[in-house]
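work_35.cif (mmCIF, C-alpha atoms)
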```
data_query
loop_
_atom_site.label_atom_id
_atom_site.label_comp_id
_atom_site.auth_asym_id
_atom_site.auth_seq_id
_atom_site.Cartn_x
_atom_site.Cartn_y
_atom_site.Cartn_z
CA MET A 211 -0.83 16.98 -33.30
CA ALA A 212 -1.41 17.49 -29.59
CA GLU A 213 0.11 16.54 -26.28
CA PRO A 214 -2.13 14.05 -24.43
CA PRO A 215 -4.49 14.46 -22.81
CA ALA A 216 -6.11 16.94 -25.20
CA PRO A 217 -9.81 17.15 -24.31
CA ALA A 218 -10.69 19.82 -26.86
CA LEU A 219 -9.09 17.87 -29.70
CA ALA A 220 -10.70 14.62 -28.52
CA ALA A 221 -14.13 16.27 -28.58
CA PHE A 222 -13.39 17.69 -32.03
CA VAL A 223 -12.40 14.26 -33.35
CA ALA A 224 -15.57 12.74 -31.90
CA GLU A 225 -17.63 15.37 -33.69
CA GLU A 226 -15.87 15.49 -37.04
CA GLY A 227 -14.28 12.05 -37.27
CA PRO A 228 -10.51 11.52 -37.22
CA ILE A 229 -9.79 12.06 -40.94
CA ARG A 230 -11.82 15.23 -41.29
CA ALA A 231 -10.53 16.53 -37.96
CA ALA A 232 -6.92 16.03 -39.11
CA GLU A 233 -7.59 17.96 -42.31
CA LEU A 234 -9.17 20.84 -40.43
CA VAL A 235 -6.35 20.97 -37.89
CA LYS A 236 -3.74 21.15 -40.67
CA ALA A 237 -5.72 23.94 -42.32
CA GLY A 238 -6.07 25.82 -39.03
CA LYS A 239 -9.88 25.80 -39.34
CA VAL A 240 -10.64 24.75 -35.79
CA PRO A 241 -12.25 26.28 -32.70
CA PRO A 242 -9.94 28.36 -30.45
CA SER A 243 -9.79 25.60 -27.84
CA VAL A 244 -8.48 23.13 -30.42
CA GLU A 245 -6.18 25.76 -31.91
CA GLY A 246 -4.50 26.16 -28.53
CA GLN A 247 -3.76 22.45 -28.31
CA THR A 248 -2.61 21.90 -31.91
CA SER A 249 -1.06 25.10 -33.29
CA ALA A 250 2.51 24.22 -32.24
CA ARG A 251 2.57 20.95 -34.22
CA ARG A 252 -0.04 21.24 -36.95
CA ASP A 253 2.57 21.87 -39.66
CA GLU A 254 4.46 18.69 -38.79
CA ASP A 255 3.35 15.49 -40.49
CA ARG A 256 5.27 12.50 -39.13
CA ALA A 257 2.52 9.91 -39.58
CA ALA A 258 4.23 7.87 -42.28
CA ASP A 259 7.58 7.92 -40.47
CA ASP A 260 5.98 6.94 -37.18
CA LEU A 261 4.18 3.98 -38.75
CA ARG A 262 7.40 2.81 -40.41
CA ARG A 263 9.33 3.11 -37.17
CA VAL A 264 6.84 1.13 -35.13
CA ALA A 265 6.49 -1.54 -37.81
CA ALA A 266 10.28 -1.98 -37.84
CA ILE A 267 10.19 -3.13 -34.20
CA GLY A 268 7.16 -5.39 -34.65
CA GLY A 269 4.65 -2.83 -33.45
CA ARG A 270 1.48 -1.23 -34.74
CA LEU A 271 -1.01 1.56 -34.15
CA VAL A 272 -4.28 0.45 -32.54
CA ILE A 273 -7.30 2.71 -32.96
CA PRO A 274 -10.85 2.61 -31.52
CA GLU A 275 -12.18 1.09 -34.74
CA ASP A 276 -9.96 -1.98 -34.33
CA GLU A 277 -11.34 -5.19 -32.81
CA GLU A 278 -8.52 -5.31 -30.25
CA TRP A 279 -9.27 -1.83 -28.89
CA PRO A 280 -9.90 -2.22 -25.11
CA GLU A 281 -13.24 -0.48 -25.27
CA TRP A 282 -14.63 -1.78 -22.00
CA PRO A 283 -11.65 -0.74 -19.84
CA PHE A 284 -11.53 2.67 -21.50
CA ASN A 285 -15.26 3.26 -20.96
CA ALA A 286 -14.35 4.22 -17.41
CA LEU A 287 -12.14 6.99 -18.79
CA VAL A 288 -14.97 8.19 -21.03
CA LEU A 289 -17.36 8.36 -18.08
CA ALA A 290 -14.75 10.10 -15.94
CA ALA A 291 -14.22 12.72 -18.66
CA ALA A 292 -17.98 13.29 -18.86
CA GLN A 293 -17.96 14.01 -15.12
CA GLY A 294 -15.10 16.45 -15.49
CA LEU A 295 -12.58 14.34 -13.60
CA LYS A 296 -8.90 15.06 -14.28
CA CYS A 297 -8.12 11.38 -14.78
CA GLY A 298 -10.69 11.13 -17.56
CA LEU A 299 -10.27 11.00 -21.32
CA ALA A 300 -9.56 7.86 -23.28
CA PRO A 301 -6.57 7.94 -25.64
CA LEU A 302 -7.19 8.68 -29.31
CA ALA A 303 -4.98 5.72 -30.23
CA LEU A 304 -2.39 3.36 -28.76
CA TRP A 305 1.05 2.51 -30.08
CA VAL A 306 1.56 -1.17 -29.34
CA ARG A 307 4.61 -3.42 -29.42
CA GLY A 308 3.96 -7.17 -29.21
CA ALA A 309 1.77 -9.74 -30.92
CA ALA A 310 -0.82 -10.13 -28.13
CA ASN A 311 -4.34 -8.73 -28.45
CA VAL A 312 -4.81 -5.60 -26.31
CA ALA A 313 -8.47 -6.22 -25.51
CA GLU A 314 -7.85 -9.86 -24.60
CA LEU A 315 -5.04 -9.02 -22.18
CA ALA A 316 -7.23 -6.40 -20.54
CA GLU A 317 -10.06 -8.87 -19.89
CA ARG A 318 -8.55 -10.03 -16.60
CA SER A 319 -5.71 -7.92 -15.33
CA VAL A 320 -4.38 -6.20 -12.22
CA ALA A 321 -2.10 -3.18 -12.03
CA VAL A 322 0.84 -3.44 -9.62
CA VAL A 323 2.60 -0.16 -8.91
CA GLY A 324 4.84 1.43 -6.34
CA SER A 325 7.92 3.39 -5.48
CA ARG A 326 11.00 3.51 -7.68
CA ALA A 327 13.15 3.64 -4.54
CA ALA A 328 11.69 0.36 -3.31
CA SER A 329 12.93 -1.44 -0.24
CA GLY A 330 13.96 -5.09 -0.28
CA TYR A 331 10.61 -5.88 1.33
CA GLY A 332 8.71 -4.07 -1.41
CA GLN A 333 10.71 -5.67 -4.20
CA HIS A 334 10.06 -9.12 -2.75
CA VAL A 335 6.32 -8.52 -2.42
CA ALA A 336 6.03 -7.07 -5.93
CA ALA A 337 7.86 -10.02 -7.47
CA GLU A 338 5.75 -12.51 -5.51
CA PHE A 339 2.52 -10.76 -6.51
CA GLY A 340 3.58 -10.58 -10.15
CA HIS A 341 4.49 -14.27 -10.17
CA GLY A 342 1.37 -15.40 -8.31
CA LEU A 343 -1.04 -13.34 -10.41
CA ALA A 344 0.55 -14.63 -13.61
CA GLU A 345 0.30 -18.21 -12.36
CA ALA A 346 -3.41 -17.60 -11.79
CA GLY A 347 -3.82 -16.45 -15.39
CA ILE A 348 -4.08 -12.76 -14.56
CA VAL A 349 -2.20 -10.16 -16.62
CA VAL A 350 0.08 -7.85 -14.65
CA VAL A 351 -0.03 -4.18 -15.73
CA SER A 352 2.64 -1.72 -14.65
CA GLY A 353 4.91 1.07 -15.87
CA ALA A 354 8.32 -0.59 -16.40
CA ALA A 355 9.99 1.81 -13.96
CA TYR A 356 12.74 0.90 -11.52
CA GLY A 357 11.67 -0.56 -8.19
CA ILE A 358 8.19 -2.04 -7.77
CA ASP A 359 7.18 -1.85 -11.45
CA GLY A 360 10.18 -3.78 -12.70
CA CYS A 361 9.85 -6.44 -10.01
CA ALA A 362 6.17 -6.98 -10.85
CA HIS A 363 6.95 -7.40 -14.56
CA ARG A 364 9.81 -9.79 -13.84
CA GLY A 365 7.67 -11.81 -11.46
CA ALA A 366 5.02 -12.29 -14.15
CA LEU A 367 7.61 -13.24 -16.78
CA SER A 368 9.23 -15.73 -14.41
CA ALA A 369 5.89 -17.53 -14.25
CA ASP A 370 5.65 -17.52 -18.07
CA GLY A 371 2.71 -15.15 -17.72
CA ALA A 372 1.63 -12.08 -19.67
CA THR A 373 2.41 -8.56 -18.59
CA VAL A 374 1.69 -5.10 -20.02
CA ALA A 375 4.09 -2.17 -19.68
CA VAL A 376 2.53 1.27 -20.20
CA LEU A 377 5.26 3.76 -21.09
CA ALA A 378 5.49 7.54 -20.81
CA CYS A 379 7.50 7.63 -24.04
CA GLY A 380 7.50 5.95 -27.44
CA VAL A 381 7.40 2.17 -27.49
CA ASP A 382 10.74 2.22 -29.32
CA VAL A 383 12.42 4.10 -26.47
CA ALA A 384 14.02 2.01 -23.71
CA TYR A 385 13.32 4.00 -20.58
CA PRO A 386 14.72 3.63 -18.06
CA ALA A 387 17.87 2.57 -19.90
CA GLY A 388 18.63 0.00 -17.22
CA HIS A 389 15.40 -1.79 -18.14
CA ALA A 390 16.17 -2.06 -21.85
CA GLY A 391 16.45 -5.84 -21.57
CA LEU A 392 13.20 -6.12 -19.60
CA ILE A 393 11.29 -3.90 -22.03
CA ALA A 394 12.60 -6.03 -24.91
CA ARG A 395 11.38 -9.23 -23.20
CA ILE A 396 7.88 -8.05 -22.36
CA PRO A 397 6.50 -8.07 -25.96
CA GLN A 398 7.43 -11.75 -26.24
CA ARG A 399 4.67 -12.65 -23.76
CA GLY A 400 2.71 -9.44 -23.41
CA LEU A 401 2.67 -5.88 -24.66
CA VAL A 402 4.46 -2.57 -24.42
CA VAL A 403 1.95 0.24 -25.04
CA SER A 404 1.93 4.02 -25.12
CA GLU A 405 -0.18 6.86 -26.43
CA TYR A 406 3.02 8.68 -27.41
CA PRO A 407 4.39 8.18 -30.94
CA PRO A 408 7.79 6.59 -31.59
CA THR A 409 10.94 8.54 -30.61
CA HIS A 410 9.03 10.59 -28.01
CA THR A 411 11.11 10.86 -24.84
CA PRO A 412 9.71 10.75 -21.31
CA ALA A 413 8.89 13.86 -19.30
CA ARG A 414 7.48 14.34 -15.82
CA HIS A 415 4.01 15.34 -17.03
CA ARG A 416 3.90 12.30 -19.32
CA PHE A 417 4.33 9.92 -16.40
CA LEU A 418 1.33 11.48 -14.67
CA THR A 419 -0.66 11.33 -17.91
CA ARG A 420 0.09 7.65 -18.59
CA ASN A 421 -0.87 6.66 -15.02
CA ARG A 422 -4.57 6.93 -15.90
CA LEU A 423 -4.03 4.23 -18.56
CA ILE A 424 -2.39 1.90 -16.05
CA ALA A 425 -5.38 2.37 -13.75
CA ALA A 426 -7.89 1.86 -16.57
CA LEU A 427 -6.29 -1.30 -17.96
CA GLY A 428 -6.45 -3.13 -14.62
CA ASP A 429 -9.51 -4.47 -12.83
CA GLY A 430 -7.86 -2.99 -9.76
CA THR A 431 -4.57 -1.52 -8.63
CA VAL A 432 -2.23 -2.79 -5.92
CA VAL A 433 0.09 -0.18 -4.42
CA VAL A 434 2.97 -2.18 -2.96
CA GLU A 435 5.03 0.73 -1.68
CA ALA A 436 4.59 4.48 -2.01
CA GLY A 437 6.04 7.54 -0.37
CA ARG A 438 3.86 10.36 0.87
CA ARG A 439 4.22 12.05 -2.52
CA SER A 440 4.71 9.63 -5.40
CA GLY A 441 3.52 8.71 -8.84
CA ALA A 442 2.03 5.54 -7.40
CA LYS A 443 -0.37 7.65 -5.33
CA ASN A 444 -1.35 9.45 -8.54
CA THR A 445 -2.22 6.08 -10.09
CA ALA A 446 -4.11 5.24 -6.90
CA ALA A 447 -6.16 8.42 -7.20
CA SER A 448 -7.02 7.59 -10.81
CA THR A 449 -7.99 4.06 -9.80
CA SER A 450 -10.47 5.34 -7.22
CA ALA A 451 -11.87 7.97 -9.57
CA LEU A 452 -12.46 5.31 -12.24
CA GLY A 453 -14.35 3.10 -9.81
CA ARG A 454 -11.70 0.40 -9.83
CA VAL A 455 -10.64 -1.53 -6.73
CA LEU A 456 -7.73 0.11 -4.93
CA MET A 457 -5.53 -2.09 -2.73
CA ALA A 458 -2.46 -1.33 -0.65
CA VAL A 459 0.13 -3.55 0.97
CA PRO A 460 0.87 -2.67 4.62
CA GLY A 461 4.54 -2.23 5.42
CA PRO A 462 6.72 -1.60 8.45
CA VAL A 463 5.54 1.49 10.32
CA THR A 464 9.16 2.68 10.38
CA SER A 465 9.51 2.55 6.59
CA ALA A 466 9.16 5.82 4.66
CA SER A 467 8.53 3.70 1.55
CA SER A 468 5.21 2.52 3.00
CA THR A 469 3.95 5.90 4.25
CA GLY A 470 1.74 6.41 1.21
CA CYS A 471 0.22 2.93 1.55
CA HIS A 472 -0.59 3.53 5.19
CA GLU A 473 -2.25 6.85 4.36
CA LEU A 474 -4.43 5.15 1.74
CA LEU A 475 -5.43 2.49 4.26
CA ARG A 476 -6.05 4.94 7.10
CA SER A 477 -8.25 7.15 4.91
CA GLY A 478 -10.29 4.17 3.77
CA GLU A 479 -9.43 4.74 0.10
CA ALA A 480 -7.70 1.36 -0.19
CA ILE A 481 -8.24 -2.08 1.24
CA ALA A 482 -5.34 -3.99 2.75
CA VAL A 483 -4.00 -7.02 0.90
CA SER A 484 -1.19 -9.28 2.02
CA SER A 485 -1.38 -12.15 -0.46
CA VAL A 486 -2.09 -12.93 -4.09
CA ALA A 487 -5.27 -14.71 -2.99
CA GLU A 488 -6.59 -11.51 -1.40
CA VAL A 489 -5.82 -9.52 -4.56
CA ILE A 490 -7.68 -12.04 -6.70
CA GLU A 491 -10.67 -12.04 -4.34
CA SER A 492 -10.79 -8.23 -4.33
CA THR A 493 -10.73 -7.92 -8.12
CA GLY A 494 -12.23 -11.23 -9.23
CA ARG A 495 -15.60 -12.70 -9.96
CA LEU A 496 -18.20 -12.56 -7.22
CA GLY A 497 -18.63 -15.89 -5.49
CA VAL A 498 -15.83 -17.53 -7.47
CA ASP A 499 -12.46 -15.95 -6.68
CA LEU A 500 -12.71 -16.27 -2.93
CA VAL A 501 -9.79 -16.61 -0.57
CA GLU A 502 -9.49 -20.20 0.55
CA ALA A 503 -9.09 -20.21 4.29
CA THR A 504 -5.53 -21.07 5.26
CA ARG A 505 -5.22 -24.15 7.41
CA THR A 506 -4.31 -22.86 10.82
CA SER A 507 -5.16 -23.68 14.38
CA SER A 508 -8.79 -22.70 13.85
CA SER A 509 -10.30 -25.90 15.24
CA ALA A 510 -11.50 -26.43 18.76
CA VAL A 511 -8.01 -25.80 20.10
CA GLY A 512 -7.84 -22.33 18.52
CA SER A 513 -4.43 -20.67 18.63
CA PRO A 514 -2.24 -22.68 21.00
CA GLN A 515 -2.64 -21.40 24.51
CA GLY A 516 -1.17 -22.41 27.84
CA ASP A 517 -0.03 -26.03 27.87
CA ALA A 518 -0.81 -26.37 24.16
CA VAL A 519 1.91 -23.82 23.35
CA ARG A 520 4.47 -25.82 25.31
CA VAL A 521 3.42 -29.10 23.69
CA HIS A 522 3.52 -27.59 20.22
CA GLU A 523 6.97 -26.09 20.76
CA ALA A 524 8.25 -29.45 22.01
CA LEU A 525 7.34 -31.14 18.71
CA GLY A 526 10.18 -32.03 16.39
CA LEU A 527 10.71 -29.81 13.37
CA THR A 528 11.88 -32.60 11.08
CA GLY A 529 11.74 -35.91 12.95
CA GLY A 530 8.98 -37.17 15.21
CA HIS A 531 9.05 -37.58 19.01
CA SER A 532 7.09 -39.95 21.21
CA ALA A 533 4.50 -38.61 23.62
CA ASP A 534 6.86 -39.49 26.50
CA VAL A 535 9.69 -37.38 25.06
CA ILE A 536 7.29 -34.49 24.35
CA ALA A 537 6.02 -34.62 27.93
CA VAL A 538 9.56 -34.41 29.31
CA GLU A 539 10.53 -31.62 26.93
CA SER A 540 7.40 -29.55 27.56
CA GLY A 541 6.96 -30.27 31.25
CA VAL A 542 3.29 -31.08 30.62
CA ALA A 543 1.73 -34.19 32.15
CA LEU A 544 1.88 -37.23 29.85
CA SER A 545 -1.91 -37.73 29.99
CA THR A 546 -2.43 -34.10 28.92
CA VAL A 547 0.12 -34.45 26.09
CA ARG A 548 -1.64 -37.57 24.79
CA ALA A 549 -4.97 -35.72 24.80
CA MET A 550 -3.58 -32.61 23.10
CA LEU A 551 -1.66 -34.25 20.27
CA PRO A 552 -4.77 -35.41 18.32
CA GLU A 553 -6.30 -31.96 18.79
CA LEU A 554 -3.18 -30.29 17.44
CA GLU A 555 -3.30 -32.70 14.51
CA MET A 556 -6.91 -31.74 13.76
CA ALA A 557 -5.88 -28.07 13.90
CA GLY A 558 -3.19 -28.72 11.30
CA LEU A 559 -0.36 -27.98 13.75
CA ALA A 560 0.94 -31.51 14.30
CA GLU A 561 1.20 -34.69 12.31
CA ARG A 562 1.95 -38.30 13.14
CA VAL A 563 4.95 -39.90 11.41
CA ASP A 564 6.71 -43.23 11.81
CA SER A 565 8.96 -41.93 14.58
CA GLY A 566 6.21 -40.17 16.54
CA TRP A 567 4.80 -36.66 16.43
CA LYS A 568 6.24 -33.62 14.62
CA ARG A 569 5.15 -30.15 13.66
CA SER A 570 3.02 -29.80 10.55
CA HIS A 571 4.38 -27.32 8.02
CA VAL A 572 1.30 -25.90 6.31
CA ARG A 573 1.96 -23.94 3.15
CA GLU A 574 -0.20 -20.94 2.45
CA GLY A 575 -1.88 -20.90 -0.94
CA ARG A 576 -0.62 -18.58 -3.68
CA GLY A 577 -4.13 -17.60 -4.59
CA ASP A 578 -4.37 -19.64 -7.76
CA ALA A 579 -6.73 -22.29 -6.45
#
```

Represent the structure from my file as structure tokens, please.
Amino acid sequence: MAEPPAPALAAFVAEEGPIRAAELVKAGKVPPSVEGQTSARRDEDRAADDLRRVAAIGGRLVIPEDEEWPEWPFNALVLAAAQGLKCGLAPLALWVRGAANVAELAERSVAVVGSRAASGYGQHVAAEFGHGLAEAGIVVVSGAAYGIDGCAHRGALSADGATVAVLACGVDVAYPAGHAGLIARIPQRGLVVSEYPPTHTPARHRFLTRNRLIAALGDGTVVVEAGRRSGAKNTAASTSALGRVLMAVPGPVTSASSTGCHELLRSGEAIAVSSVAEVIESTGRLGVDLVEATRTSSSAVGSPQGDAVRVHEALGLTGGHSADVIAVESGVALSTVRAMLPELEMAGLAERVDSGWKRSHVREGRGDA
């Protein structure tokens, strides 16, 4: 009946109830504000056809009266609307494709968004974040677009995790066409959702409208890459307005794809994240989802300095060397080498093997500990 978001119609439905409101809209007995939002479509009744279409692809219509309605996440939209914020207004209903429960998937989730014209760096980070978050049991929410969105979804699926794609078109429409296979895979482990009925095609204003749902369905939003003007920054603005945690991934200062991220960081709107662990800490449970300190040279030696640098660089990468060989290679006195090796071992930078001493290869955690 109306193009979302339709604040006047939403208020009318809240006052009259959905069934009575639909009858009044069809009869044209509505306030002028509602008339302006519904007059173009009030004579069209596609409800039965829409329900048949969505059922044919294993989908359904989810309404606020259903148990799986994500009431808690959408409360932020209700509050935003009450404050007159543009990003406000919860949807009247959701078209859903997939067997998963909407409310359950929204219990612990993070939105990962970014530029369609993503760099190789951005694609790698998005895929790693999607995979790591899914491994940690966190649902990845995004928009199924080219670039960052697609990489985040694929990363989650590669970890056999759940992901939610929020579309700016009907859930039966594969957009972009190049992601038809991806969009078909997502309902097998997650959901494809939209507030637009079946057969509706995407339009520029619909992308901006759906971005508020991406922001609302995540406990926070990670912007991996974004240009100075991009849809990802629109999602970022909605995230901040809804009181969700906004995060941005720093990129090369020479990369136009990271300009938007750097602006968010410089303005203080977003916090910098460089790992899955930092994302989980930023959006997780207080006192529980904390970043585990990475083993580095944080002991008494600190970062290798002076002679310690030379000793460390003289260590074998695969096989071990004796203290004598290390002394010759580094040019550091044998007595000093023998004193430094145990300290480097305590710092996690060296380890003793059968053939002597070698470098220690410490792996950083993925954030799922």

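Taking all atoms listed in the file, the non-local environment of region 529-536 of chain A within 8 Å (same-chain residues fewer than 5 positions away omitted) comprises Val521, Ala524, Leu544, Val547, Arg548, Arg562, Val563, Asp564, Ser565, Gly566, Trp567 and Lys568 of chain A.
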
Leaving out Arg422 (chain A) and any residue of its chain fewer than 6 positions from it, which residues lie within 8 Å of it when counting all atoms listed in the file, given as number ranges by chain? A: 297-298, 445, 448-449

Residues as selected, C-alpha atoms, written as a CSV table (one decimal), in the frame of the given file, can you do that?
```csv
chain,number,residue,atom,x,y,z
A,297,CYS,CA,-8.1,11.4,-14.8
A,298,GLY,CA,-10.7,11.1,-17.6
A,445,THR,CA,-2.2,6.1,-10.1
A,448,SER,CA,-7.0,7.6,-10.8
A,449,THR,CA,-8.0,4.1,-9.8
```

To verify the selection step, state as a PDB file with C-alpha atoms, in the coordinates of the input which residues the PyMOL selection byres ((chain A and resi 334) around 12) yields on this input.
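To be explicit, this is the file written out as result31.pdb:
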```pdb
ATOM      1  CA  ALA A 328      11.690   0.360  -3.310  1.00  0.00           C
ATOM      2  CA  SER A 329      12.930  -1.440  -0.240  1.00  0.00           C
ATOM      3  CA  GLY A 330      13.960  -5.090  -0.280  1.00  0.00           C
ATOM      4  CA  TYR A 331      10.610  -5.880   1.330  1.00  0.00           C
ATOM      5  CA  GLY A 332       8.710  -4.070  -1.410  1.00  0.00           C
ATOM      6  CA  GLN A 333      10.710  -5.670  -4.200  1.00  0.00           C
ATOM      7  CA  VAL A 335       6.320  -8.520  -2.420  1.00  0.00           C
ATOM      8  CA  ALA A 336       6.030  -7.070  -5.930  1.00  0.00           C
ATOM      9  CA  ALA A 337       7.860 -10.020  -7.470  1.00  0.00           C
ATOM     10  CA  GLU A 338       5.750 -12.510  -5.510  1.00  0.00           C
ATOM     11  CA  PHE A 339       2.520 -10.760  -6.510  1.00  0.00           C
ATOM     12  CA  GLY A 340       3.580 -10.580 -10.150  1.00  0.00           C
ATOM     13  CA  HIS A 341       4.490 -14.270 -10.170  1.00  0.00           C
ATOM     14  CA  GLY A 357      11.670  -0.560  -8.190  1.00  0.00           C
ATOM     15  CA  ILE A 358       8.190  -2.040  -7.770  1.00  0.00           C
ATOM     16  CA  ASP A 359       7.180  -1.850 -11.450  1.00  0.00           C
ATOM     17  CA  GLY A 360      10.180  -3.780 -12.700  1.00  0.00           C
ATOM     18  CA  CYS A 361       9.850  -6.440 -10.010  1.00  0.00           C
ATOM     19  CA  ALA A 362       6.170  -6.980 -10.850  1.00  0.00           C
ATOM     20  CA  ARG A 364       9.810  -9.790 -13.840  1.00  0.00           C
ATOM     21  CA  GLY A 365       7.670 -11.810 -11.460  1.00  0.00           C
ATOM     22  CA  VAL A 434       2.970  -2.180  -2.960  1.00  0.00           C
ATOM     23  CA  GLU A 435       5.030   0.730  -1.680  1.00  0.00           C
ATOM     24  CA  VAL A 459       0.130  -3.550   0.970  1.00  0.00           C
TER      25      VAL A 459
END
```

How would you write, as a PyMOL selection string, the residues chosen by the PyMOL selection byres ((chain A and resi 316) around 9) on this structure? chain A and resi 280+282-283+311-315+317-320+349+351+427-429

Restricting the output to C-alpha atoms, write the selected residues as a CSV table (one decimal), in the frame of the given file.
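This went into part12.csv:
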```
chain,number,residue,atom,x,y,z
A,280,PRO,CA,-9.9,-2.2,-25.1
A,282,TRP,CA,-14.6,-1.8,-22.0
A,283,PRO,CA,-11.6,-0.7,-19.8
A,311,ASN,CA,-4.3,-8.7,-28.4
A,312,VAL,CA,-4.8,-5.6,-26.3
A,313,ALA,CA,-8.5,-6.2,-25.5
A,314,GLU,CA,-7.8,-9.9,-24.6
A,315,LEU,CA,-5.0,-9.0,-22.2
A,317,GLU,CA,-10.1,-8.9,-19.9
A,318,ARG,CA,-8.6,-10.0,-16.6
A,319,SER,CA,-5.7,-7.9,-15.3
A,320,VAL,CA,-4.4,-6.2,-12.2
A,349,VAL,CA,-2.2,-10.2,-16.6
A,351,VAL,CA,0.0,-4.2,-15.7
A,427,LEU,CA,-6.3,-1.3,-18.0
A,428,GLY,CA,-6.4,-3.1,-14.6
A,429,ASP,CA,-9.5,-4.5,-12.8
```

Of the listed residues A:Ala218, A:Ala212, A:Val486, A:Thr409, that which approaches Pro241 (chain A) most closely, counting all atoms listed in the file: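 Between A:Ala218, A:Ala212, A:Val486, A:Thr409, the residue approaching Pro241 (chain A) most closely is A:Ala218.
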
Excluding same-chain residues fewer than 6 positions from Ala518 (chain A), what lies within 12 Å of it counting only C-alpha atoms, as a list in words? Ser507, Ala510, Val511, Gly512, Ala524, Leu525, Ile536, Ala537, Ser540, Gly541, Val542, Ala543, Thr546, Val547, Arg548, Ala549, Met550, Leu551, Pro552, Glu553, Leu554, Glu555, Ala557, Leu559 and Ala560 of chain A

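One finds CA of Gly470 (chain A) at 18.9 Å from CA of Ser485 (chain A).
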
Using the chain letters and residue numbers of this document, give as a ChimeraX atom specification the residues selected by the PyMOL selection byres ((chain A and resi 378-384) around 6). /A:377,385-387,390,406-412,416-417,420

Just the number, please: distance in Å from CA of Ala300 (chain A) to CA of Phe284 (chain A), one decimal. 5.8 Å

By how many Å are CA of Leu289 (chain A) and CA of Pro301 (chain A) apart?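 According to the coordinates, CA of Leu289 (chain A) and CA of Pro301 (chain A) are separated by 13.2 Å.
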
Excluding Leu299 (chain A) and any residue of its chain fewer than 6 positions from it, enumerate the residues within 12 Å of it, using all atoms listed in the file, and give them as number ranges by chain. A: 214-221, 224, 283-293, 419-420, 422-423, 426, 448, 452

Counting all atoms listed in the file, which residues have an atom no more than 9 Å from (3.5, 7.2, -9.2) in the file's coordinates? Please list them as a ChimeraX atom specification. /A:323-326,417-418,421,436,439-446

Minimum-distance residue to Pro242 (chain A), chosen among A:Asp260, A:Glu281, A:Thr373, A:Phe222 (using all atoms listed in the file):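 Answer, going by the shortest atom-to-atom distance: A:Phe222.
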